[in-house]
file entry.txt (compact mmCIF, C-alpha atoms)
# COMPACT_ATOMS: atom_id res chain seq x y z
CA MET W 6 138.47 146.41 169.00
CA SER W 7 135.10 145.21 167.75
CA HIS W 8 132.64 147.58 166.14
CA ILE W 9 129.02 146.58 165.71
CA ILE W 10 127.33 147.88 162.59
CA GLY W 11 123.55 148.21 162.85
CA VAL W 12 120.86 147.93 160.18
CA GLY W 13 121.24 150.69 157.58
CA ASP W 14 124.67 151.61 158.85
CA ILE W 15 128.24 151.62 157.61
CA LYS W 16 131.70 151.63 159.19
CA ILE W 17 135.11 152.19 157.64
CA SER W 18 138.24 151.29 159.56
CA THR W 19 141.95 151.89 159.05
CA THR W 20 142.98 150.18 162.31
CA SER W 21 144.40 146.72 161.75
CA SER W 22 143.30 145.40 165.15
CA ASP W 23 139.63 146.22 164.42
CA VAL W 24 136.89 143.70 163.71
CA LEU W 25 133.70 144.96 162.03
CA ILE W 26 130.63 142.88 162.87
CA THR W 27 127.01 142.99 161.79
CA TYR W 28 124.29 140.75 163.17
CA ALA W 29 121.04 139.30 161.88
CA LEU W 30 121.42 139.72 158.14
CA GLY W 31 118.16 138.34 156.81
CA SER W 32 116.96 139.86 153.56
CA CYS W 33 119.42 142.71 154.23
CA LEU W 34 122.75 142.65 152.47
CA GLY W 35 126.11 142.78 154.23
CA ILE W 36 128.86 144.04 151.95
CA THR W 37 132.54 144.19 152.89
CA ALA W 38 135.30 145.80 150.85
CA TYR W 39 138.96 145.43 151.84
CA ASP W 40 142.20 146.82 150.45
CA PRO W 41 144.87 144.25 151.43
CA VAL W 42 147.71 146.62 150.53
CA LEU W 43 146.65 149.40 152.93
CA ARG W 44 144.77 147.01 155.26
CA ILE W 45 141.74 149.24 155.32
CA GLY W 46 138.16 148.21 154.79
CA GLY W 47 134.51 148.82 155.43
CA LEU W 48 131.27 147.02 156.12
CA LEU W 49 127.82 148.10 154.97
CA HIS W 50 124.53 146.67 156.25
CA ALA W 51 121.93 147.77 153.68
CA MET W 52 118.24 147.08 154.05
CA LEU W 53 116.52 147.90 150.77
CA PRO W 54 117.60 147.89 147.11
CA LEU W 55 117.00 151.35 145.66
CA SER W 56 117.28 154.82 147.19
CA ASN W 57 114.73 156.30 144.77
CA ALA W 58 112.06 154.62 146.93
CA ASP W 59 112.49 157.49 149.42
CA PRO W 60 115.07 160.11 148.35
CA SER W 61 114.81 162.20 151.52
CA LYS W 62 115.40 159.18 153.75
CA ALA W 63 118.23 158.09 151.48
CA LYS W 64 119.85 161.50 151.86
CA ALA W 65 119.66 161.30 155.63
CA ARG W 66 120.68 157.62 155.82
CA PRO W 67 122.35 156.54 152.57
CA ALA W 68 123.53 153.25 154.11
CA MET W 69 119.91 152.04 154.30
CA TYR W 70 119.87 151.37 150.56
CA VAL W 71 122.13 149.10 148.53
CA ASP W 72 122.77 151.65 145.77
CA SER W 73 123.46 154.76 147.88
CA GLY W 74 125.16 152.69 150.60
CA PHE W 75 127.53 150.99 148.19
CA ALA W 76 128.43 154.35 146.61
CA LEU W 77 129.18 155.68 150.11
CA LEU W 78 131.31 152.63 150.95
CA MET W 79 133.40 153.18 147.81
CA ARG W 80 133.69 156.95 148.32
CA GLU W 81 134.88 156.59 151.90
CA LEU W 82 137.41 153.89 151.05
CA PHE W 83 138.79 155.83 148.08
CA ALA W 84 139.02 158.95 150.28
CA LYS W 85 141.28 156.96 152.60
CA GLY W 86 143.50 155.93 149.71
CA ALA W 87 142.08 152.50 148.80
CA LYS W 88 142.62 151.48 145.16
CA LYS W 89 139.77 150.02 143.11
CA ASP W 90 141.96 147.30 141.60
CA ASN W 91 142.95 146.08 145.06
CA LEU W 92 139.45 145.87 146.55
CA VAL W 93 138.28 142.47 147.71
CA ILE W 94 134.48 142.42 147.93
CA SER W 95 132.45 139.89 149.89
CA VAL W 96 128.67 139.70 150.20
CA ALA W 97 126.30 137.97 152.61
CA GLY W 98 122.57 137.96 153.32
CA GLY W 99 119.86 138.55 150.73
CA ALA W 100 117.79 135.71 152.17
CA SER W 101 114.08 135.11 151.61
CA MET W 102 112.72 135.61 155.10
CA LYS W 103 109.18 134.43 154.41
CA ASN W 104 108.23 133.94 158.03
CA LEU W 105 109.12 137.30 159.46
CA THR W 106 106.52 140.03 159.67
CA SER W 107 103.67 140.22 157.19
CA ASP W 108 104.93 143.50 155.72
CA ASP W 109 108.33 142.00 154.94
CA TYR W 110 108.33 141.30 151.20
CA PHE W 111 110.00 137.96 150.62
CA LYS W 112 111.71 138.99 147.38
CA ILE W 113 113.56 141.96 148.92
CA GLY W 114 116.66 139.86 149.59
CA GLN W 115 116.90 138.77 145.98
CA ARG W 116 116.36 142.32 144.75
CA ASN W 117 119.05 143.64 147.09
CA PHE W 118 121.55 141.23 145.59
CA THR W 119 120.51 141.92 141.98
CA VAL W 120 120.96 145.67 142.48
CA LEU W 121 124.41 145.13 144.02
CA ARG W 122 125.49 142.90 141.14
CA LYS W 123 124.43 145.59 138.67
CA LEU W 124 126.47 148.25 140.48
CA LEU W 125 129.54 146.02 140.64
CA TRP W 126 129.40 145.14 136.93
CA LYS W 127 128.93 148.77 135.95
CA ASN W 128 131.92 149.78 138.08
CA GLY W 129 134.14 146.93 136.89
CA LEU W 130 134.24 145.04 140.18
CA MET W 131 133.70 141.36 140.90
CA ILE W 132 132.41 139.51 143.94
CA HIS W 133 135.26 137.68 145.57
CA ALA W 134 133.25 135.51 147.96
CA GLN W 135 129.57 135.31 148.75
CA ASP W 136 127.09 133.56 151.00
CA VAL W 137 123.74 134.76 149.70
CA GLY W 138 120.13 133.58 149.50
CA GLY W 139 118.36 130.75 151.26
CA GLY W 140 116.28 131.41 154.34
CA ILE W 141 118.80 131.82 157.14
CA SER W 142 119.96 134.71 159.29
CA ARG W 143 123.68 135.50 159.10
CA THR W 144 126.27 137.30 161.19
CA MET W 145 129.07 138.77 159.10
CA ALA W 146 132.43 139.92 160.42
CA MET W 147 135.58 141.31 158.83
CA HIS W 148 139.02 141.31 160.43
CA LEU W 149 141.05 144.33 159.37
CA SER W 150 144.36 142.61 160.13
CA ASN W 151 144.09 140.21 157.18
CA GLY W 152 140.73 140.87 155.51
CA LEU W 153 139.27 137.57 156.71
CA VAL W 154 135.48 137.61 156.38
CA THR W 155 133.43 135.20 158.44
CA ILE W 156 129.77 134.21 158.26
CA ASN W 157 128.40 132.82 161.51
CA LYS W 158 132.05 132.55 162.68
CA LYS W 159 133.20 130.38 159.76
CA PRO W 160 135.39 131.77 156.96
CA ILE W 161 133.08 132.86 154.16
CA GLU W 162 134.34 130.33 151.60
CA GLN W 163 133.31 127.52 153.93
CA ALA W 164 129.98 129.04 154.88
CA ARG W 165 127.98 126.89 152.50
CA ASP W 166 125.13 126.06 154.86
CA GLY W 167 122.79 128.60 153.33
CA ALA W 168 121.27 127.90 149.95
CA GLN W 169 123.09 129.32 146.97
CA ALA W 170 122.21 132.64 145.46
CA SER W 171 119.04 133.13 143.51
CA ALA W 172 120.95 133.17 140.26
CA GLY W 173 122.55 129.85 141.10
CA ILE W 174 126.03 131.26 141.50
CA PRO W 175 128.52 129.00 143.24
CA LEU W 176 130.51 130.36 146.13
CA ALA W 177 133.69 131.96 144.93
CA ALA W 178 136.85 130.67 146.53
CA ASN W 179 139.09 132.96 148.48
CA ARG W 180 141.95 134.67 146.73
CA MET Z 22 98.43 126.89 126.19
CA ASP Z 23 100.30 124.44 128.40
CA SER Z 24 100.52 125.98 131.87
CA SER Z 25 103.64 124.09 132.92
CA ILE Z 26 105.53 125.01 129.72
CA ASN Z 27 104.30 128.58 130.06
CA GLU Z 28 105.56 128.84 133.64
CA ASN Z 29 108.90 127.29 132.66
CA ILE Z 30 109.33 129.82 129.85
CA LYS Z 31 108.63 132.60 132.32
CA GLN Z 32 111.18 131.31 134.83
CA ILE Z 33 113.83 130.84 132.12
CA ALA Z 34 113.25 134.40 130.88
CA LEU Z 35 113.36 135.87 134.40
CA LYS Z 36 116.64 134.08 135.10
CA ALA Z 37 118.14 135.42 131.86
CA PHE Z 38 117.05 138.97 132.70
CA GLU Z 39 118.35 138.63 136.27
CA SER Z 40 121.73 137.09 135.42
CA MET Z 41 122.68 139.09 132.32
CA CYS Z 42 120.66 142.33 132.67
CA PHE Z 43 120.41 142.66 136.47
CA MET Z 44 116.64 143.17 136.33
CA PHE Z 45 113.96 141.79 138.61
CA GLU Z 46 110.27 141.07 138.21
CA MET Z 47 107.74 143.57 139.53
CA ASP Z 48 104.97 142.22 141.73
CA PRO Z 49 101.45 143.74 141.65
CA ASP Z 50 100.88 142.97 145.35
CA PHE Z 51 104.02 144.79 146.38
CA ASP Z 52 104.87 147.25 143.60
CA GLY Z 53 101.42 148.39 142.50
CA ASP Z 54 100.96 149.07 138.79
CA VAL Z 55 102.79 146.49 136.71
CA ALA Z 56 100.86 146.75 133.47
CA VAL Z 57 102.75 145.45 130.43
CA ASP Z 58 102.82 147.42 127.16
CA THR Z 59 101.32 145.61 124.23
CA GLU Z 60 102.40 148.00 121.47
CA PHE Z 61 105.88 146.88 120.58
CA THR Z 62 107.77 148.30 117.61
CA ASP Z 63 110.69 145.92 117.53
CA THR Z 64 110.68 142.14 117.66
CA ALA Z 65 113.58 139.71 117.55
CA ILE Z 66 113.09 136.08 116.60
CA ILE Z 67 114.98 132.87 116.97
CA ARG Z 68 113.90 129.91 114.81
CA PHE Z 69 114.53 126.26 115.61
CA ASP Z 70 114.04 123.05 113.68
CA GLY Z 71 114.63 119.34 114.13
CA ASP Z 72 112.86 117.41 116.85
CA VAL Z 73 110.69 120.46 117.41
CA ASN Z 74 110.01 123.20 114.87
CA GLY Z 75 109.03 126.79 115.47
CA GLY Z 76 110.25 130.11 116.73
CA MET Z 77 110.49 132.36 119.76
CA LEU Z 78 109.71 136.06 119.44
CA ILE Z 79 110.74 138.64 121.98
CA SER Z 80 109.54 142.24 122.00
CA GLY Z 81 110.74 144.77 124.55
CA SER Z 82 109.49 148.22 125.51
CA PRO Z 83 111.87 151.06 124.52
CA GLU Z 84 112.98 151.47 128.18
CA LEU Z 85 113.69 147.78 128.49
CA ARG Z 86 115.68 147.66 125.25
CA HIS Z 87 117.77 150.61 126.38
CA ALA Z 88 118.31 149.31 129.91
CA ALA Z 89 119.16 145.80 128.68
CA ALA Z 90 122.01 147.14 126.54
CA VAL Z 91 123.26 149.52 129.27
CA ASN Z 92 123.20 146.81 131.92
CA MET Z 93 124.64 143.99 129.81
CA LEU Z 94 127.59 146.13 128.75
CA GLY Z 95 127.84 147.94 132.08
CA SER Z 96 128.15 151.23 130.20
CA ASP Z 97 125.88 154.22 129.62
CA GLU Z 98 127.40 154.83 126.20
CA ILE Z 99 125.32 152.63 123.98
CA THR Z 100 124.14 152.79 120.38
CA ASP Z 101 121.03 151.57 118.55
CA GLN Z 102 123.15 148.65 117.38
CA HIS Z 103 123.89 147.72 121.02
CA MET Z 104 120.15 147.78 121.79
CA GLN Z 105 119.42 145.47 118.88
CA ASP Z 106 122.33 143.18 119.79
CA ALA Z 107 121.08 143.01 123.40
CA CYS Z 108 117.63 141.87 122.22
CA PHE Z 109 119.18 139.36 119.81
CA GLU Z 110 121.37 137.95 122.56
CA LEU Z 111 118.42 137.67 124.95
CA ALA Z 112 116.47 135.87 122.20
CA ASN Z 113 119.43 133.54 121.74
CA ILE Z 114 119.80 132.83 125.47
CA ILE Z 115 116.11 132.40 126.27
CA GLY Z 116 115.46 130.44 123.06
CA GLY Z 117 118.40 128.10 123.65
CA ASN Z 118 117.10 127.29 127.10
CA ILE Z 119 113.50 126.81 126.00
CA VAL Z 120 114.09 124.33 123.16
CA PRO Z 121 114.79 121.30 125.43
CA LEU Z 122 111.37 121.88 127.04
CA LEU Z 123 109.70 121.59 123.66
CA ASN Z 124 111.61 118.68 122.13
CA GLN Z 125 109.09 115.97 121.33
CA HIS Z 126 111.04 112.74 121.07
CA ASP Z 127 114.17 113.22 123.16
CA GLY Z 128 115.94 114.23 119.97
CA ILE Z 129 117.97 117.24 118.92
CA SER Z 130 116.81 120.54 117.50
CA PHE Z 131 119.00 123.12 115.81
CA ILE Z 132 118.80 126.75 116.76
CA GLN Z 133 119.36 129.44 114.16
CA SER Z 134 120.95 132.84 114.74
CA PRO Z 135 118.64 135.56 116.09
CA ARG Z 136 117.40 138.21 113.70
CA LYS Z 137 114.63 140.80 113.30
CA ALA Z 138 111.23 139.14 112.91
CA THR Z 139 109.40 139.57 109.60
CA PRO Z 140 105.82 140.95 109.60
CA VAL Z 141 104.30 137.49 108.98
CA GLU Z 142 106.25 136.16 111.95
CA VAL Z 143 105.20 139.07 114.17
CA THR Z 144 101.51 138.57 113.41
CA GLY Z 145 101.87 134.82 113.89
CA ALA Z 146 100.66 134.14 110.33
CA ALA Z 147 103.90 132.26 109.65
CA PHE Z 148 102.99 129.81 112.42
CA LYS Z 149 99.47 128.70 111.51
CA GLY Z 150 98.56 125.47 113.29
CA PHE Z 151 101.49 125.70 115.75
CA ASN Z 152 101.06 125.59 119.53
CA GLU Z 153 101.50 129.03 121.07
CA GLU Z 154 102.72 130.17 124.48
CA LYS Z 155 102.70 133.83 125.46
CA VAL Z 156 104.44 135.32 128.50
CA LEU Z 157 104.29 138.96 129.58
CA LEU Z 158 107.01 140.21 131.89
CA SER Z 159 106.95 143.34 133.99
CA LEU Z 160 110.52 144.08 135.09
CA ASP Z 161 111.91 146.96 137.12
CA GLU Z 162 113.38 148.59 134.00
CA GLY Z 163 110.71 147.89 131.39
CA THR Z 164 108.33 145.32 130.05
CA CYS Z 165 108.47 142.61 127.44
CA GLU Z 166 106.44 139.99 125.67
CA ILE Z 167 107.68 136.55 124.71
CA ARG Z 168 105.79 134.33 122.29
CA VAL Z 169 106.80 130.79 121.47
CA PHE Z 170 105.32 128.90 118.50
CA TYR Z 171 106.13 125.21 118.24
CA ILE Z 172 104.99 122.01 116.57
CA MET R 10 153.31 134.32 131.45
CA ALA R 11 150.92 136.63 129.68
CA LEU R 12 148.26 134.82 127.69
CA ASN R 13 146.78 135.32 124.25
CA VAL R 14 143.03 134.77 124.31
CA LEU R 15 140.64 134.29 121.39
CA VAL R 16 136.95 135.17 121.84
CA VAL R 17 134.61 133.73 119.21
CA ASP R 18 130.96 134.83 119.14
CA ASP R 19 128.76 136.22 116.37
CA SER R 20 127.39 138.84 118.78
CA ALA R 21 129.73 141.83 119.19
CA LEU R 22 127.87 142.63 122.42
CA MET R 23 128.60 139.17 123.85
CA ARG R 24 132.27 139.46 122.83
CA ASN R 25 132.41 142.77 124.74
CA ILE R 26 130.90 141.15 127.84
CA ILE R 27 133.36 138.23 127.73
CA ILE R 28 136.32 140.60 127.20
CA LYS R 29 135.23 142.69 130.19
CA VAL R 30 135.13 139.52 132.34
CA LEU R 31 138.57 138.49 131.03
CA ASN R 32 139.98 141.87 132.04
CA LEU R 33 138.51 141.49 135.55
CA SER R 34 139.69 137.88 136.02
CA ASP R 35 143.14 138.49 137.56
CA ILE R 36 144.87 136.73 134.68
CA ASP R 37 147.82 138.23 132.85
CA ILE R 38 146.65 138.93 129.30
CA ALA R 39 148.98 139.77 126.41
CA GLU R 40 146.43 140.09 123.63
CA ILE R 41 142.73 139.43 123.06
CA PHE R 42 141.72 138.39 119.53
CA GLN R 43 138.12 138.41 118.35
CA ALA R 44 136.29 136.39 115.72
CA ALA R 45 132.63 136.42 114.65
CA HIS R 46 132.45 132.77 113.56
CA GLY R 47 134.47 129.58 113.27
CA GLN R 48 136.07 130.42 109.90
CA ASP R 49 137.29 133.79 111.24
CA ALA R 50 138.65 132.03 114.30
CA LEU R 51 140.61 129.54 112.15
CA GLU R 52 142.33 132.49 110.47
CA VAL R 53 143.37 133.84 113.86
CA LEU R 54 144.57 130.40 115.01
CA ASN R 55 146.60 129.90 111.83
CA ASN R 56 148.42 133.19 112.24
CA ASN R 57 148.81 133.58 116.01
CA TRP R 58 149.67 131.66 119.13
CA VAL R 59 146.54 131.36 121.28
CA ASP R 60 146.56 130.09 124.90
CA LEU R 61 142.81 130.04 125.57
CA MET R 62 139.71 130.14 123.37
CA LEU R 63 136.19 131.10 124.47
CA LEU R 64 133.80 129.74 121.87
CA ASP R 65 130.09 130.18 121.11
CA ILE R 66 128.23 127.30 119.43
CA ASN R 67 125.48 128.64 117.19
CA MET R 68 127.20 130.93 114.68
CA PRO R 69 126.84 131.48 110.94
CA VAL R 70 129.48 130.28 108.39
CA MET R 71 131.12 127.80 110.77
CA SER R 72 129.62 126.73 114.10
CA GLY R 73 131.57 126.34 117.32
CA LEU R 74 131.13 122.55 117.20
CA GLU R 75 132.66 122.35 113.72
CA LEU R 76 135.57 124.51 114.85
CA LEU R 77 136.03 122.41 117.99
CA ASP R 78 136.41 119.26 115.82
CA ILE R 79 138.94 120.95 113.54
CA VAL R 80 140.99 122.30 116.46
CA ARG R 81 141.05 118.95 118.25
CA ALA R 82 142.10 117.14 115.03
CA ASN R 83 145.09 119.45 114.51
CA PRO R 84 148.23 118.30 116.41
CA GLU R 85 149.25 121.92 116.97
CA THR R 86 146.01 122.92 118.66
CA LYS R 87 144.63 119.64 120.02
CA ASP R 88 145.46 120.59 123.63
CA LEU R 89 144.30 124.22 123.44
CA PRO R 90 142.16 125.05 126.51
CA ILE R 91 138.67 125.84 125.23
CA ILE R 92 135.60 127.07 127.10
CA MET R 93 132.34 126.80 125.18
CA VAL R 94 130.03 129.68 126.14
CA SER R 95 126.55 128.97 124.89
CA SER R 96 122.84 128.91 125.63
CA GLU R 97 122.78 125.31 124.34
CA SER R 98 120.77 123.34 126.89
CA GLN R 99 120.25 119.97 125.19
CA GLU R 100 122.02 117.32 127.28
CA LYS R 101 123.17 115.28 124.30
CA ARG R 102 124.94 118.21 122.69
CA ILE R 103 126.54 119.36 125.97
CA SER R 104 127.92 115.91 126.78
CA ALA R 105 129.34 115.67 123.23
CA ILE R 106 131.24 118.92 123.91
CA GLU R 107 132.57 117.75 127.25
CA GLN R 108 133.81 114.51 125.67
CA LYS R 109 135.97 116.64 123.39
CA GLY R 110 137.76 118.13 126.38
CA ALA R 111 136.19 121.57 126.38
CA GLY R 112 134.78 123.41 129.39
CA PHE R 113 131.21 124.63 129.24
CA VAL R 114 129.66 127.84 130.56
CA HIS R 115 125.96 127.97 130.14
CA LYS R 116 124.26 131.24 129.12
CA PRO R 117 122.82 133.01 131.04
CA PHE R 118 125.91 133.30 133.21
CA THR R 119 127.03 135.73 135.87
CA PRO R 120 130.40 137.48 135.47
CA GLU R 121 131.70 135.62 138.52
CA LEU R 122 130.77 132.21 137.10
CA LEU R 123 132.57 132.90 133.82
CA ARG R 124 135.58 134.30 135.73
CA ASP R 125 135.81 131.10 137.80
CA GLU R 126 135.84 128.94 134.63
CA ILE R 127 138.47 131.17 133.00
CA GLN R 128 140.66 130.91 136.09
CA LYS R 129 140.21 127.14 136.20
CA ALA R 130 141.13 126.79 132.51
CA THR R 131 144.21 128.99 132.83
CA GLY R 132 145.39 127.41 136.07
CA VAL R 133 145.10 130.58 138.12
CA ILE R 134 144.66 129.40 141.65
CA HIS R 135 142.59 131.41 144.05
CA GLY R 136 144.58 131.53 147.24
call {"tool": "encode", "arguments": {"input": "entry.txt", "output": "structure tokens"}}
result
Amino acid sequence: MSHIIGVGDIKISTTSSDVLITYALGSCLGITAYDPVLRIGGLLHAMLPLSNADPSKAKARPAMYVDSGFALLMRELFAKGAKKDNLVISVAGGASMKNLTSDDYFKIGQRNFTVLRKLLWKNGLMIHAQDVGGGISRTMAMHLSNGLVTINKKPIEQARDGAQASAGIPLAANR
Amino acid sequence: MDSSINENIKQIALKAFESMCFMFEMDPDFDGDVAVDTEFTDTAIIRFDGDVNGGMLISGSPELRHAAAVNMLGSDEITDQHMQDACFELANIIGGNIVPLLNQHDGISFIQSPRKATPVEVTGAAFKGFNEEKVLLSLDEGTCEIRVFYI
Amino acid sequence: MALNVLVVDDSALMRNIIIKVLNLSDIDIAEIFQAAHGQDALEVLNNNWVDLMLLDINMPVMSGLELLDIVRANPETKDLPIIMVSSESQEKRISAIEQKGAGFVHKPFTPELLRDEIQKATGVIHG
């Protein structure tokens, strides 16, 4: 069955018939992690880069922030038996949504992605596939049966419509 | 000061800090206080000669030097040597990318290994009569100053 | 087949970064050798079988470009896969490197970009 993950939310699934979907990733970051051996995975839809901006909010809703949300994603997957060396990580979003509301800071998307990259490097993980940056809204979905990640219904490695990441990183091919 | 060269130096430095150190620029309109320290105790230099001659100096605040080493290595266990190496490597990366901007006659310039700057280099006395560009960066994990002298 | 890899850079910090990327690149590694400049690297190449070399350009004693010429002139190492990893940004120097059959990763790089070049050079196919 399909599960819809809202803004600042996270979902882990161990059911191979599940599809995890999140809509309207603008400057927010969608992060999927999948263990192909156990066929378990999770999807995080984080809104802001750092939880120290509001520790009490971060405690109540850790998935709102990239740093606390990513830590939660890893903890929950490891608790279900996922192995770090098996994890396949995909990332989408982090766009510069200049024309949204006036209080939306246009560099948030880039910051979200930078903070994620720092966490991955520190934890010895690499991005497997990404569709990040530009100025478009993205829908991200992950199929638990085979780990396929789609962006706007196309497999992530083909989802090259959006501009490349701020750091100029090419899209990684699928494993 | 040449405003287009100055802006290019800034963008090159920001890209280096983003890619290798996972740091981003603070913005006064969004982040509030982004004042940059001006009292630096440690300065690395990279010299270049050939089509263009000169040097690039980079000085980081103590927090920035520490965070650069931690982030580049992806480890909290760092030494003073790591902090110095991180600054040297940033000097090497930023300097290597800046030199093509400064080349005068579409020629080639040779870039020397980074090292600690001498007092006459830090004060700028070693570069009398050279053009100077100065860029101050306020990043989320510290601040730094980059000065480029060229002729 | 497990590969022997040689990492040549005068910065110990940069060698550590490259080695971390190598270890996260899904390639089977037998041994990683390190050298701080071209002369050191020649010693390693003379005494060991190396399958891939990651090579900085601006180094003391012997630069990466000098080493590249020596390696390409030696029948035993002329086909060694080499990735130059450097902040060199002058077009003329980069095209000279590419003409000598070496890959090029420009500093600053992201870990993923370097991984992709390593996988390309070692024939690891994503799929």
call {"tool": "closest_residue", "arguments": {"input": "entry.txt", "among": "W:Lys85, W:Lys158, W:Arg122, W:Arg44", "to": "Asp72 in chain W", "atoms": "only C-alpha atoms"}}
result
W:Arg122
call {"tool": "residues_near_point", "arguments": {"input": "entry.txt", "point": "(128.6, 136.8, 112.5)", "cutoff": "12 Å", "atoms": "only C-alpha atoms", "output": "number ranges by chain"}}
result
Z: 106, 133-136; R: 17-24, 43-50, 65-73
call {"tool": "closest_atom_pairs", "arguments": {"input": "entry.txt", "of": "chain R", "to": "chain W", "cutoff": "10 Å", "atoms": "only C-alpha atoms", "output": "JSON lines"}}
result
{"residue": "R:Lys29", "atom": "CA", "partner": "W:Gly129", "partner_atom": "CA", "distance": 8.0}
{"residue": "R:Val30", "atom": "CA", "partner": "W:Gly129", "partner_atom": "CA", "distance": 8.8}
{"residue": "R:Asn32", "atom": "CA", "partner": "W:Gly129", "partner_atom": "CA", "distance": 9.1}
{"residue": "R:Leu33", "atom": "CA", "partner": "W:Gly129", "partner_atom": "CA", "distance": 7.1}
{"residue": "R:Ser34", "atom": "CA", "partner": "W:Met131", "partner_atom": "CA", "distance": 8.5}
{"residue": "R:Asp35", "atom": "CA", "partner": "W:Asp90", "partner_atom": "CA", "distance": 9.8}
{"residue": "R:Pro117", "atom": "CA", "partner": "W:Ala172", "partner_atom": "CA", "distance": 9.4}
{"residue": "R:Phe118", "atom": "CA", "partner": "W:Ile174", "partner_atom": "CA", "distance": 8.5}
{"residue": "R:Thr119", "atom": "CA", "partner": "W:Ile174", "partner_atom": "CA", "distance": 7.3}
{"residue": "R:Pro120", "atom": "CA", "partner": "W:Met131", "partner_atom": "CA", "distance": 7.4}
{"residue": "R:Glu121", "atom": "CA", "partner": "W:Met131", "partner_atom": "CA", "distance": 6.5}
{"residue": "R:Leu122", "atom": "CA", "partner": "W:Ile174", "partner_atom": "CA", "distance": 6.5}
{"residue": "R:Arg124", "atom": "CA", "partner": "W:Met131", "partner_atom": "CA", "distance": 9.0}
{"residue": "R:Asp125", "atom": "CA", "partner": "W:Ala177", "partner_atom": "CA", "distance": 7.5}
{"residue": "R:Ile134", "atom": "CA", "partner": "W:Arg180", "partner_atom": "CA", "distance": 7.8}
{"residue": "R:His135", "atom": "CA", "partner": "W:Arg180", "partner_atom": "CA", "distance": 4.3}
{"residue": "R:Gly136", "atom": "CA", "partner": "W:Arg180", "partner_atom": "CA", "distance": 4.1}
call {"tool": "interface_residues", "arguments": {"input": "entry.txt", "of": "chain Z", "to": "chain R", "cutoff": "9 Å", "atoms": "all atoms listed in the file", "output": "VMD selection string"}}
result
chain Z and resid 36 to 41 90 93 to 95 103 106 to 107 109 to 111 113 to 121 128 to 134
call {"tool": "atom_distance", "arguments": {"input": "entry.txt", "atom1": "CA of Ala11 in chain R", "atom2": "CA of Ala39 in chain R"}}
result
4.9 Å
call {"tool": "residues_near_point", "arguments": {"input": "entry.txt", "point": "(144.3, 124.2, 116.4)", "cutoff": "12 Å", "atoms": "only C-alpha atoms", "output": "PDB file with C-alpha atoms, in the coordinates of the input"}}
result
ATOM      1  CA  LEU R  15     140.640 134.290 121.390  1.00  0.00           C
ATOM      2  CA  GLY R  47     134.470 129.580 113.270  1.00  0.00           C
ATOM      3  CA  ALA R  50     138.650 132.030 114.300  1.00  0.00           C
ATOM      4  CA  LEU R  51     140.610 129.540 112.150  1.00  0.00           C
ATOM      5  CA  GLU R  52     142.330 132.490 110.470  1.00  0.00           C
ATOM      6  CA  VAL R  53     143.370 133.840 113.860  1.00  0.00           C
ATOM      7  CA  LEU R  54     144.570 130.400 115.010  1.00  0.00           C
ATOM      8  CA  ASN R  55     146.600 129.900 111.830  1.00  0.00           C
ATOM      9  CA  ASN R  56     148.420 133.190 112.240  1.00  0.00           C
ATOM     10  CA  ASN R  57     148.810 133.580 116.010  1.00  0.00           C
ATOM     11  CA  TRP R  58     149.670 131.660 119.130  1.00  0.00           C
ATOM     12  CA  VAL R  59     146.540 131.360 121.280  1.00  0.00           C
ATOM     13  CA  ASP R  60     146.560 130.090 124.900  1.00  0.00           C
ATOM     14  CA  LEU R  61     142.810 130.040 125.570  1.00  0.00           C
ATOM     15  CA  MET R  62     139.710 130.140 123.370  1.00  0.00           C
ATOM     16  CA  LEU R  76     135.570 124.510 114.850  1.00  0.00           C
ATOM     17  CA  LEU R  77     136.030 122.410 117.990  1.00  0.00           C
ATOM     18  CA  ASP R  78     136.410 119.260 115.820  1.00  0.00           C
ATOM     19  CA  ILE R  79     138.940 120.950 113.540  1.00  0.00           C
ATOM     20  CA  VAL R  80     140.990 122.300 116.460  1.00  0.00           C
ATOM     21  CA  ARG R  81     141.050 118.950 118.250  1.00  0.00           C
ATOM     22  CA  ALA R  82     142.100 117.140 115.030  1.00  0.00           C
ATOM     23  CA  ASN R  83     145.090 119.450 114.510  1.00  0.00           C
ATOM     24  CA  PRO R  84     148.230 118.300 116.410  1.00  0.00           C
ATOM     25  CA  GLU R  85     149.250 121.920 116.970  1.00  0.00           C
ATOM     26  CA  THR R  86     146.010 122.920 118.660  1.00  0.00           C
ATOM     27  CA  LYS R  87     144.630 119.640 120.020  1.00  0.00           C
ATOM     28  CA  ASP R  88     145.460 120.590 123.630  1.00  0.00           C
ATOM     29  CA  LEU R  89     144.300 124.220 123.440  1.00  0.00           C
ATOM     30  CA  PRO R  90     142.160 125.050 126.510  1.00  0.00           C
ATOM     31  CA  ILE R  91     138.670 125.840 125.230  1.00  0.00           C
TER      32      ILE R  91
END
call {"tool": "closest_residue", "arguments": {"input": "entry.txt", "among": "Z:Ala138, Z:Met47, Z:Val156, Z:Leu85", "to": "Ala65 in chain Z", "atoms": "only C-alpha atoms"}}
result
Z:Ala138
call {"tool": "atom_distance", "arguments": {"input": "entry.txt", "atom1": "CA of Ile161 in chain W", "atom2": "CA of Arg66 in chain W"}}
result
27.7 Å
